$ cat query.csv   # CSV, C-alpha atoms
chain,number,residue,atom,x,y,z
A,267,MET,CA,-42.2,-30.8,65.6
A,268,THR,CA,-38.9,-32.5,66.6
A,269,VAL,CA,-37.2,-35.8,66.0
A,270,TYR,CA,-35.1,-37.0,69.0
A,271,TRP,CA,-32.2,-39.3,68.4
A,272,PRO,CA,-30.0,-40.9,71.2
A,273,ASP,CA,-27.2,-38.8,72.7
A,274,ASN,CA,-24.6,-41.4,71.6
A,275,ALA,CA,-25.6,-41.3,67.9
A,276,LYS,CA,-22.3,-39.9,66.8
A,277,GLU,CA,-20.3,-42.8,68.3
A,278,THR,CA,-22.7,-45.6,67.4
A,279,PHE,CA,-24.2,-44.6,64.0
A,280,GLY,CA,-23.4,-47.0,61.2
A,281,HIS,CA,-22.6,-49.8,63.7
A,282,GLU,CA,-25.6,-50.0,66.0
A,283,ILE,CA,-29.4,-49.7,65.7
A,284,LEU,CA,-30.5,-46.2,66.6
A,285,ARG,CA,-33.9,-45.5,68.0
A,286,ALA,CA,-35.8,-42.2,67.6
A,287,ASP,CA,-38.9,-40.5,68.9
A,288,HIS,CA,-41.0,-38.5,66.5
A,289,PRO,CA,-44.4,-36.6,66.4
A,290,PHE,CA,-45.5,-37.4,62.9
A,291,ASP,CA,-48.2,-39.8,64.1
A,292,GLN,CA,-50.1,-36.7,65.3
A,293,SER,CA,-50.4,-35.2,61.8
A,294,GLU,CA,-53.8,-35.1,60.0
A,295,LEU,CA,-51.9,-36.1,56.8
A,296,PHE,CA,-52.0,-39.7,58.0
A,297,THR,CA,-55.6,-40.2,58.9
A,298,ASP,CA,-57.8,-42.1,56.4
A,299,GLU,CA,-59.0,-38.9,54.9
A,300,GLY,CA,-55.5,-37.4,54.7
A,301,LEU,CA,-54.1,-40.5,53.1
A,302,ALA,CA,-56.9,-40.7,50.6
A,303,GLY,CA,-56.1,-37.1,49.6
A,304,LEU,CA,-52.4,-37.9,49.2
A,305,LEU,CA,-53.2,-40.9,47.0
A,306,ASP,CA,-55.4,-38.7,44.8
A,307,GLN,CA,-52.5,-36.3,44.4
A,308,PHE,CA,-49.7,-38.9,43.8
A,309,PRO,CA,-49.1,-39.8,40.1
A,310,ARG,CA,-51.0,-43.0,39.6
A,311,GLN,CA,-48.4,-44.4,37.2
A,312,ASP,CA,-45.8,-44.1,40.0
A,313,LEU,CA,-47.9,-45.8,42.7
A,314,ASN,CA,-46.4,-49.2,43.5
A,315,ILE,CA,-49.1,-51.7,44.5
A,316,TRP,CA,-48.1,-55.1,45.8
A,317,THR,CA,-49.6,-58.3,47.1
A,318,GLN,CA,-48.3,-61.8,47.9
A,319,GLY,CA,-48.9,-64.7,45.6
A,320,LYS,CA,-47.2,-67.8,44.5
A,321,THR,CA,-45.0,-68.4,41.4
A,322,ARG,CA,-45.3,-71.4,39.1
A,323,ASN,CA,-42.8,-73.3,41.2
A,324,GLY,CA,-44.9,-72.7,44.4
A,325,ARG,CA,-42.7,-70.0,46.0
A,326,VAL,CA,-44.2,-67.1,47.8
A,327,ALA,CA,-43.5,-63.9,45.8
A,328,ALA,CA,-44.5,-60.3,45.6
A,329,LEU,CA,-46.9,-59.5,42.8
A,330,ARG,CA,-47.3,-56.1,41.3
A,331,GLY,CA,-50.7,-54.5,40.6
A,332,ARG,CA,-52.4,-51.3,39.5
A,333,ALA,CA,-55.5,-49.2,40.3
A,334,PRO,CA,-56.0,-46.9,37.3
A,335,ARG,CA,-59.6,-46.0,38.0
A,336,MET,CA,-59.9,-46.0,41.8
A,337,ALA,CA,-60.0,-42.8,43.9
A,338,GLY,CA,-57.8,-42.5,46.9
A,339,LYS,CA,-60.7,-43.3,49.3
A,340,GLU,CA,-61.4,-46.5,47.4
A,341,ILE,CA,-57.7,-47.5,47.5
A,342,MET,CA,-57.7,-46.9,51.3
A,343,ASP,CA,-60.8,-49.1,51.6
A,344,ALA,CA,-58.9,-51.9,49.6
A,345,VAL,CA,-56.0,-51.5,52.0
A,346,LYS,CA,-58.3,-52.0,55.0
A,347,HIS,CA,-60.0,-55.1,53.7
A,348,GLY,CA,-57.4,-56.6,51.4
A,349,ARG,CA,-53.9,-58.0,51.7
A,350,ILE,CA,-51.9,-55.4,49.9
A,351,TRP,CA,-49.2,-52.8,50.5
A,352,LEU,CA,-48.6,-49.4,48.7
A,353,ASN,CA,-45.3,-47.8,48.2
A,354,LEU,CA,-45.3,-44.1,47.3
A,355,SER,CA,-41.6,-43.8,46.5
A,356,ARG,CA,-39.9,-40.4,46.5
A,357,ALA,CA,-43.2,-39.0,48.0
A,358,HIS,CA,-41.5,-35.8,49.2
A,359,LEU,CA,-40.9,-34.8,45.6
A,360,GLU,CA,-44.5,-35.4,44.5
A,361,LEU,CA,-46.4,-34.3,47.6
A,362,PRO,CA,-45.3,-30.9,48.9
A,363,GLN,CA,-47.0,-31.6,52.3
A,364,LEU,CA,-44.4,-34.3,53.0
A,365,LYS,CA,-41.3,-32.3,52.2
A,366,PRO,CA,-41.1,-30.5,55.6
A,367,ILE,CA,-41.3,-33.9,57.2
A,368,ALA,CA,-38.5,-35.3,55.0
A,369,ASP,CA,-36.3,-32.2,55.7
A,370,GLN,CA,-36.8,-32.5,59.4
A,371,ILE,CA,-35.9,-36.2,59.5
A,372,PHE,CA,-32.7,-35.9,57.5
A,373,GLU,CA,-31.6,-32.7,59.1
A,374,SER,CA,-32.2,-34.2,62.6
A,375,LEU,CA,-30.2,-37.3,61.8
A,376,GLU,CA,-27.3,-35.3,60.2
A,377,GLN,CA,-27.2,-33.1,63.3
A,378,ALA,CA,-27.3,-36.1,65.7
A,379,THR,CA,-24.7,-38.1,63.9
A,380,GLY,CA,-22.4,-35.4,62.6
A,381,ARG,CA,-22.5,-36.9,59.1
A,382,ARG,CA,-23.6,-35.4,55.8
A,383,PHE,CA,-26.0,-37.4,53.6
A,384,SER,CA,-26.7,-37.6,49.9
A,385,ASP,CA,-29.5,-39.1,47.7
A,386,CYS,CA,-32.1,-38.6,50.5
A,387,GLU,CA,-35.5,-39.9,49.6
A,388,LEU,CA,-38.7,-40.3,51.7
A,389,GLY,CA,-41.3,-42.9,50.8
A,390,LEU,CA,-44.8,-43.4,52.2
A,391,MET,CA,-45.8,-47.0,52.9
A,392,ILE,CA,-49.4,-48.0,53.5
A,393,SER,CA,-50.2,-51.7,54.1
A,394,SER,CA,-53.1,-54.0,55.1
A,395,PRO,CA,-53.6,-55.8,58.4
A,396,ASN,CA,-51.5,-58.9,58.8
A,397,VAL,CA,-49.4,-58.3,55.7
A,398,GLU,CA,-45.9,-59.7,55.8
A,399,LEU,CA,-43.1,-58.0,53.8
A,400,ARG,CA,-40.5,-60.3,52.4
A,401,TYR,CA,-36.9,-60.8,53.7
A,402,ASP,CA,-34.8,-58.3,51.8
A,403,LEU,CA,-32.1,-55.6,52.0
A,404,ASP,CA,-31.7,-52.1,50.7
A,405,LEU,CA,-28.6,-50.7,49.0
A,406,SER,CA,-29.2,-47.3,50.7
A,407,MET,CA,-28.9,-46.6,54.3
A,408,MET,CA,-32.5,-46.8,55.8
A,409,ALA,CA,-34.6,-45.3,58.5
A,410,MET,CA,-38.2,-46.2,59.2
A,411,PHE,CA,-40.7,-44.1,61.1
A,412,GLN,CA,-43.9,-45.9,62.3
A,413,VAL,CA,-46.9,-43.5,62.0
A,414,ARG,CA,-50.0,-45.8,62.3
A,415,GLY,CA,-50.6,-49.3,63.4
A,416,ALA,CA,-48.2,-51.9,64.8
A,417,ARG,CA,-45.8,-54.3,63.2
A,418,ARG,CA,-42.8,-56.5,64.1
A,419,LEU,CA,-39.4,-55.8,62.6
A,420,TRP,CA,-36.7,-58.5,62.4
A,421,LEU,CA,-33.2,-57.2,61.7
A,422,TYR,CA,-30.5,-59.7,60.8
A,423,PRO,CA,-26.7,-59.6,60.7
A,424,ASN,CA,-25.3,-58.7,57.3
A,425,GLY,CA,-22.8,-61.6,57.3
A,426,ALA,CA,-22.5,-64.1,54.4
A,427,GLU,CA,-24.7,-66.7,56.3
A,428,PHE,CA,-27.7,-64.4,56.0
A,429,VAL,CA,-26.9,-62.6,52.7
A,430,PRO,CA,-24.4,-64.3,50.4
A,431,PRO,CA,-22.0,-61.8,48.8
A,432,GLU,CA,-23.0,-63.0,45.3
A,433,PHE,CA,-26.6,-62.1,46.0
A,434,VAL,CA,-25.8,-58.6,47.1
A,435,GLU,CA,-23.6,-58.2,44.0
A,436,GLN,CA,-26.5,-59.2,41.8
A,437,VAL,CA,-28.8,-56.6,43.6
A,438,VAL,CA,-26.1,-54.0,43.0
A,439,HIS,CA,-25.7,-55.0,39.4
A,440,LYS,CA,-29.5,-54.9,39.0
A,441,THR,CA,-29.8,-58.5,37.8
A,442,ARG,CA,-32.1,-59.5,40.6
A,443,SER,CA,-34.6,-57.9,42.9
A,444,ASN,CA,-33.6,-57.1,46.5
A,445,ASP,CA,-35.6,-60.0,48.0
A,446,LEU,CA,-33.4,-62.8,49.4
A,447,PRO,CA,-33.8,-66.5,50.3
A,448,TYR,CA,-35.0,-66.8,53.9
A,449,ARG,CA,-34.8,-69.7,56.3
A,450,ASP,CA,-36.6,-69.9,59.7
A,451,GLU,CA,-33.4,-70.6,61.6
A,452,PHE,CA,-32.2,-67.0,60.7
A,453,ASP,CA,-34.6,-65.8,63.4
A,454,ALA,CA,-32.4,-67.1,66.2
A,455,ASP,CA,-29.8,-64.4,65.4
A,456,ALA,CA,-32.3,-61.6,64.6
A,457,ARG,CA,-33.0,-58.6,66.8
A,458,VAL,CA,-36.7,-58.1,67.1
A,459,PHE,CA,-38.6,-54.8,67.5
A,460,ASP,CA,-42.3,-54.1,68.0
A,461,LEU,CA,-42.9,-50.9,66.2
A,462,LYS,CA,-45.6,-48.5,67.3
A,463,PRO,CA,-46.6,-44.9,66.4
A,464,SER,CA,-44.0,-42.3,67.4
A,465,MET,CA,-41.1,-44.8,67.0
A,466,GLY,CA,-38.3,-44.4,64.5
A,467,MET,CA,-35.2,-46.5,63.8
A,468,THR,CA,-32.2,-46.6,61.5
A,469,TRP,CA,-29.8,-49.6,61.2
A,470,PRO,CA,-26.4,-50.5,59.8
A,471,HIS,CA,-25.9,-50.6,56.0
A,472,LEU,CA,-27.0,-53.7,54.1
A,473,ALA,CA,-28.7,-55.4,57.1
A,474,PRO,CA,-31.4,-57.8,55.9
A,475,HIS,CA,-34.8,-57.4,57.5
A,476,ARG,CA,-38.4,-58.4,57.3
A,477,LEU,CA,-41.7,-57.0,58.6
A,478,GLN,CA,-45.0,-58.5,59.9
A,479,ASN,CA,-48.1,-56.3,60.4
A,480,GLN,CA,-50.4,-56.8,63.3
A,481,ASN,CA,-54.1,-56.9,62.7
A,482,CYS,CA,-54.4,-53.3,61.7
A,483,VAL,CA,-53.6,-50.9,58.9
A,484,ASN,CA,-50.0,-49.8,59.0
A,485,VAL,CA,-48.5,-46.5,57.8
A,486,SER,CA,-44.8,-45.7,57.9
A,487,LEU,CA,-42.2,-43.4,56.4
A,488,SER,CA,-39.4,-45.2,54.7
A,489,CYS,CA,-36.3,-43.0,54.5
A,490,ALA,CA,-33.4,-43.8,52.2
A,491,TYR,CA,-30.0,-42.0,52.2
A,492,MET,CA,-26.4,-42.5,51.6
A,493,THR,CA,-23.2,-41.7,53.5
A,494,THR,CA,-19.7,-41.5,52.0
A,495,ALA,CA,-18.9,-44.9,53.5
A,496,SER,CA,-22.1,-46.6,52.2
A,497,ALA,CA,-21.6,-45.1,48.7
A,498,ILE,CA,-18.1,-46.4,48.6
A,499,ASN,CA,-19.2,-49.8,49.9
A,500,VAL,CA,-21.9,-50.2,47.2
A,501,ASN,CA,-19.5,-49.2,44.5
A,502,ALA,CA,-16.9,-51.6,45.8
A,503,ILE,CA,-19.5,-54.4,45.7
A,504,TYR,CA,-20.3,-53.4,42.1
A,505,THR,CA,-16.7,-53.9,41.2
A,506,ASN,CA,-16.6,-57.3,43.0
A,507,SER,CA,-19.6,-58.3,40.9
A,508,PHE,CA,-17.8,-57.3,37.7
A,509,LEU,CA,-14.7,-59.3,38.7
A,510,ARG,CA,-16.8,-62.4,39.6
A,511,GLU,CA,-18.9,-62.2,36.4
A,512,LYS,CA,-16.2,-61.3,33.8
A,513,PHE,CA,-13.1,-63.0,35.2
A,514,ARG,CA,-14.5,-65.8,37.4
A,515,LEU,CA,-12.7,-64.4,40.4
A,516,SER,CA,-13.8,-64.6,44.1
A,517,PRO,CA,-13.1,-61.1,45.3
A,518,LYS,CA,-13.3,-60.4,49.0
A,519,ALA,CA,-15.7,-57.8,50.5
A,520,THR,CA,-14.1,-54.6,51.6
A,521,ASN,CA,-14.9,-53.0,55.0
A,522,GLY,CA,-14.4,-49.3,55.7
A,523,ILE,CA,-12.8,-46.7,53.5
A,524,GLY,CA,-9.5,-48.2,52.7
A,525,PRO,CA,-7.3,-48.2,49.6
A,526,ALA,CA,-8.9,-51.4,48.2
A,527,ALA,CA,-12.4,-50.0,48.7
A,528,LEU,CA,-11.6,-46.7,47.2
A,529,SER,CA,-9.9,-48.3,44.2
A,530,LYS,CA,-12.9,-50.5,43.6
A,531,ALA,CA,-15.3,-47.6,44.0
A,532,ALA,CA,-13.4,-45.5,41.5
A,533,PHE,CA,-13.5,-48.3,39.0
A,534,ALA,CA,-17.2,-48.8,39.5
A,535,GLN,CA,-17.9,-45.1,38.8
A,536,LEU,CA,-15.9,-45.2,35.6
A,537,HIS,CA,-17.4,-48.4,34.4
A,538,LYS,CA,-21.0,-47.3,35.0
A,539,ALA,CA,-20.3,-44.1,33.1
A,540,VAL,CA,-18.9,-45.8,30.0
A,541,SER,CA,-21.0,-49.0,30.2
A,542,PRO,CA,-24.5,-48.5,31.8
A,543,HIS,CA,-25.9,-51.7,33.1
A,544,PRO,CA,-29.6,-52.5,32.2
A,545,ASP,CA,-32.0,-52.7,35.2
A,546,THR,CA,-33.5,-56.1,34.7
A,547,SER,CA,-34.9,-56.1,38.2
A,548,ALA,CA,-37.4,-53.4,37.4
A,549,ASN,CA,-39.2,-55.4,34.7
A,550,MET,CA,-41.8,-56.7,37.1
A,551,PRO,CA,-45.0,-57.3,35.2
A,552,VAL,CA,-48.4,-56.0,36.4
A,553,THR,CA,-50.5,-59.1,37.2
A,554,PHE,CA,-53.6,-57.7,39.1
A,555,GLU,CA,-55.9,-54.8,39.6
A,556,LEU,CA,-57.4,-53.6,42.9
A,557,ASP,CA,-61.0,-54.6,43.1
A,558,SER,CA,-63.1,-54.2,46.3
A,559,SER,CA,-65.4,-57.1,45.2
A,560,ALA,CA,-62.5,-59.6,44.7
A,561,LYS,CA,-60.9,-61.8,47.4
A,562,ASN,CA,-58.4,-59.8,49.3
A,563,CYS,CA,-59.3,-56.9,46.9
A,564,VAL,CA,-57.0,-58.5,44.3
A,565,LYS,CA,-58.4,-59.2,40.8
A,566,PRO,CA,-56.0,-61.2,38.5
A,567,LEU,CA,-55.5,-59.8,35.0
A,568,TRP,CA,-55.3,-63.2,33.4

$ encode --input "query.csv" --output "structure tokens"
Amino acid sequence: MTVYWPDNAKETFGHEILRADHPFDQSELFTDEGLAGLLDQFPRQDLNIWTQGKTRNGRVAALRGRAPRMAGKEIMDAVKHGRIWLNLSRAHLELPQLKPIADQIFESLEQATGRRFSDCELGLMISSPNVELRYDLDLSMMAMFQVRGARRLWLYPNGAEFVPPEFVEQVVHKTRSNDLPYRDEFDADARVFDLKPSMGMTWPHLAPHRLQNQNCVNVSLSCAYMTTASAINVNAIYTNSFLREKFRLSPKATNGIGPAALSKAAFAQLHKAVSPHPDTSANMPVTFELDSSAKNCVKPLW
């Protein structure tokens, strides 16, 4: 099996959206039976289960759930009939069947772009018909491979109008989750893609995005990785957050690998080593269980 990237990937990687063709949609691993088997193998305590609900102030928010007593087939039935999405993060480390796919994806992208990557992780995402995934960004470089179903992807510019620098700094400093405030008028500047099986895509670092499933179960591979430039960028943002929080300064974002970015990145590495920052964004409480008899297969725990 081969992943095909565009011929101009070396010149455009990191600045443009790159499309790919892949054959993973043909694998038996991603049939209902195959996915049920993968869910049975995946450590249940590490399975991220989400739905959309409302907070006390009426905002739409992602709610975290669990399914401690359900078999993989039952979870797949809940995906089909509910409004949930599953994230099997770092799936290539827990499911040996997925490691050859992860290796092929990252090796093909390295070869096409002429870059070397670090911190490569492959996640498996399974989601219900019509589910919408919130407007957010990722600190890693990202690639997505559509395996089953159809969904629409909106990719937005990563300028301050769409993602204020302070918000990115908070995500880097782990004082907030990676979901961002969204406004309908953002869509006028978005690039929109209708993803179908055999389509893959990677986009510039820190580009905000959101997803909307069509009326079908969706399965995709979510690939996170870092380049030298993206790692320096994230560490420079960490230092900007430190300067803003501790000294009430308004530091400017750094672009590229220049002296200022390198100095900030070096400081961040040192500061994180001597003063680890608590990850408050990970303290999301579990508020529901999957239940096939409940509305949208979601049974509140209170």

$ residues_around --input "query.csv" --residues "Val500 in chain A" --least-positions-apart "4" --cutoff "12 Å" --atoms "all atoms listed in the file" --output "NGL selection string"
:A and (404-407 or 431 or 434-439 or 471-472 or 492-496 or 504-507 or 519-523 or 527-528 or 530-535)

$ residues_around --input "query.csv" --residues "Ser393 in chain A" --least-positions-apart "5" --cutoff "10 Å" --atoms "only C-alpha atoms" --output "list in words"
Ile315, Trp316, Thr317, Met342, Ala344, Val345, Lys346, Gly348, Arg349, Ile350, Trp351, Leu352, Asn353, Glu398, Leu399, Gly415, Asn479, Cys482, Val483, Asn484, Val485 and Ser486 of chain A

$ closest_residue --input "query.csv" --among "A:Ala526, A:Ala302, A:Asp291, A:Arg330" --to "Lys565 in chain A" --atoms "all atoms listed in the file"
A:Arg330

$ closest_residue --input "query.csv" --among "A:Gln478, A:Thr441, A:Gln311, A:Asn424" --to "Asp455 in chain A" --atoms "all atoms listed in the file"
A:Asn424

$ atom_distance --input "query.csv" --atom1 "CA of Val413 in chain A" --atom2 "CA of Met465 in chain A"
7.8 Å

$ closest_residue --input "query.csv" --among "A:His281, A:Lys518, A:Glu432, A:Ala333" --to "Leu567 in chain A" --atoms "all atoms listed in the file"
A:Ala333

$ atom_distance --input "query.csv" --atom1 "CA of Phe459 in chain A" --atom2 "CA of Ala497 in chain A"
27.1 Å

$ residues_around --input "query.csv" --residues "Asp460 in chain A" --least-positions-apart "6" --cutoff "9 Å" --atoms "all atoms listed in the file" --output "list in words"
Ala416, Arg417, Arg418 and Leu419 of chain A

$ residues_around --input "query.csv" --residues "Arg476 in chain A" --least-positions-apart "2" --cutoff "12 Å" --atoms "all atoms listed in the file" --output "ChimeraX atom specification"
/A:397-404,417-422,444-450,452-453,456-459,473-474,478-479

$ closest_residue --input "query.csv" --among "A:Pro362, A:Pro334, A:Gly524, A:Pro289" --to "Gln307 in chain A" --atoms "all atoms listed in the file"
A:Pro362

$ atom_distance --input "query.csv" --atom1 "CA of Met336 in chain A" --atom2 "CA of Met410 in chain A"
27.8 Å
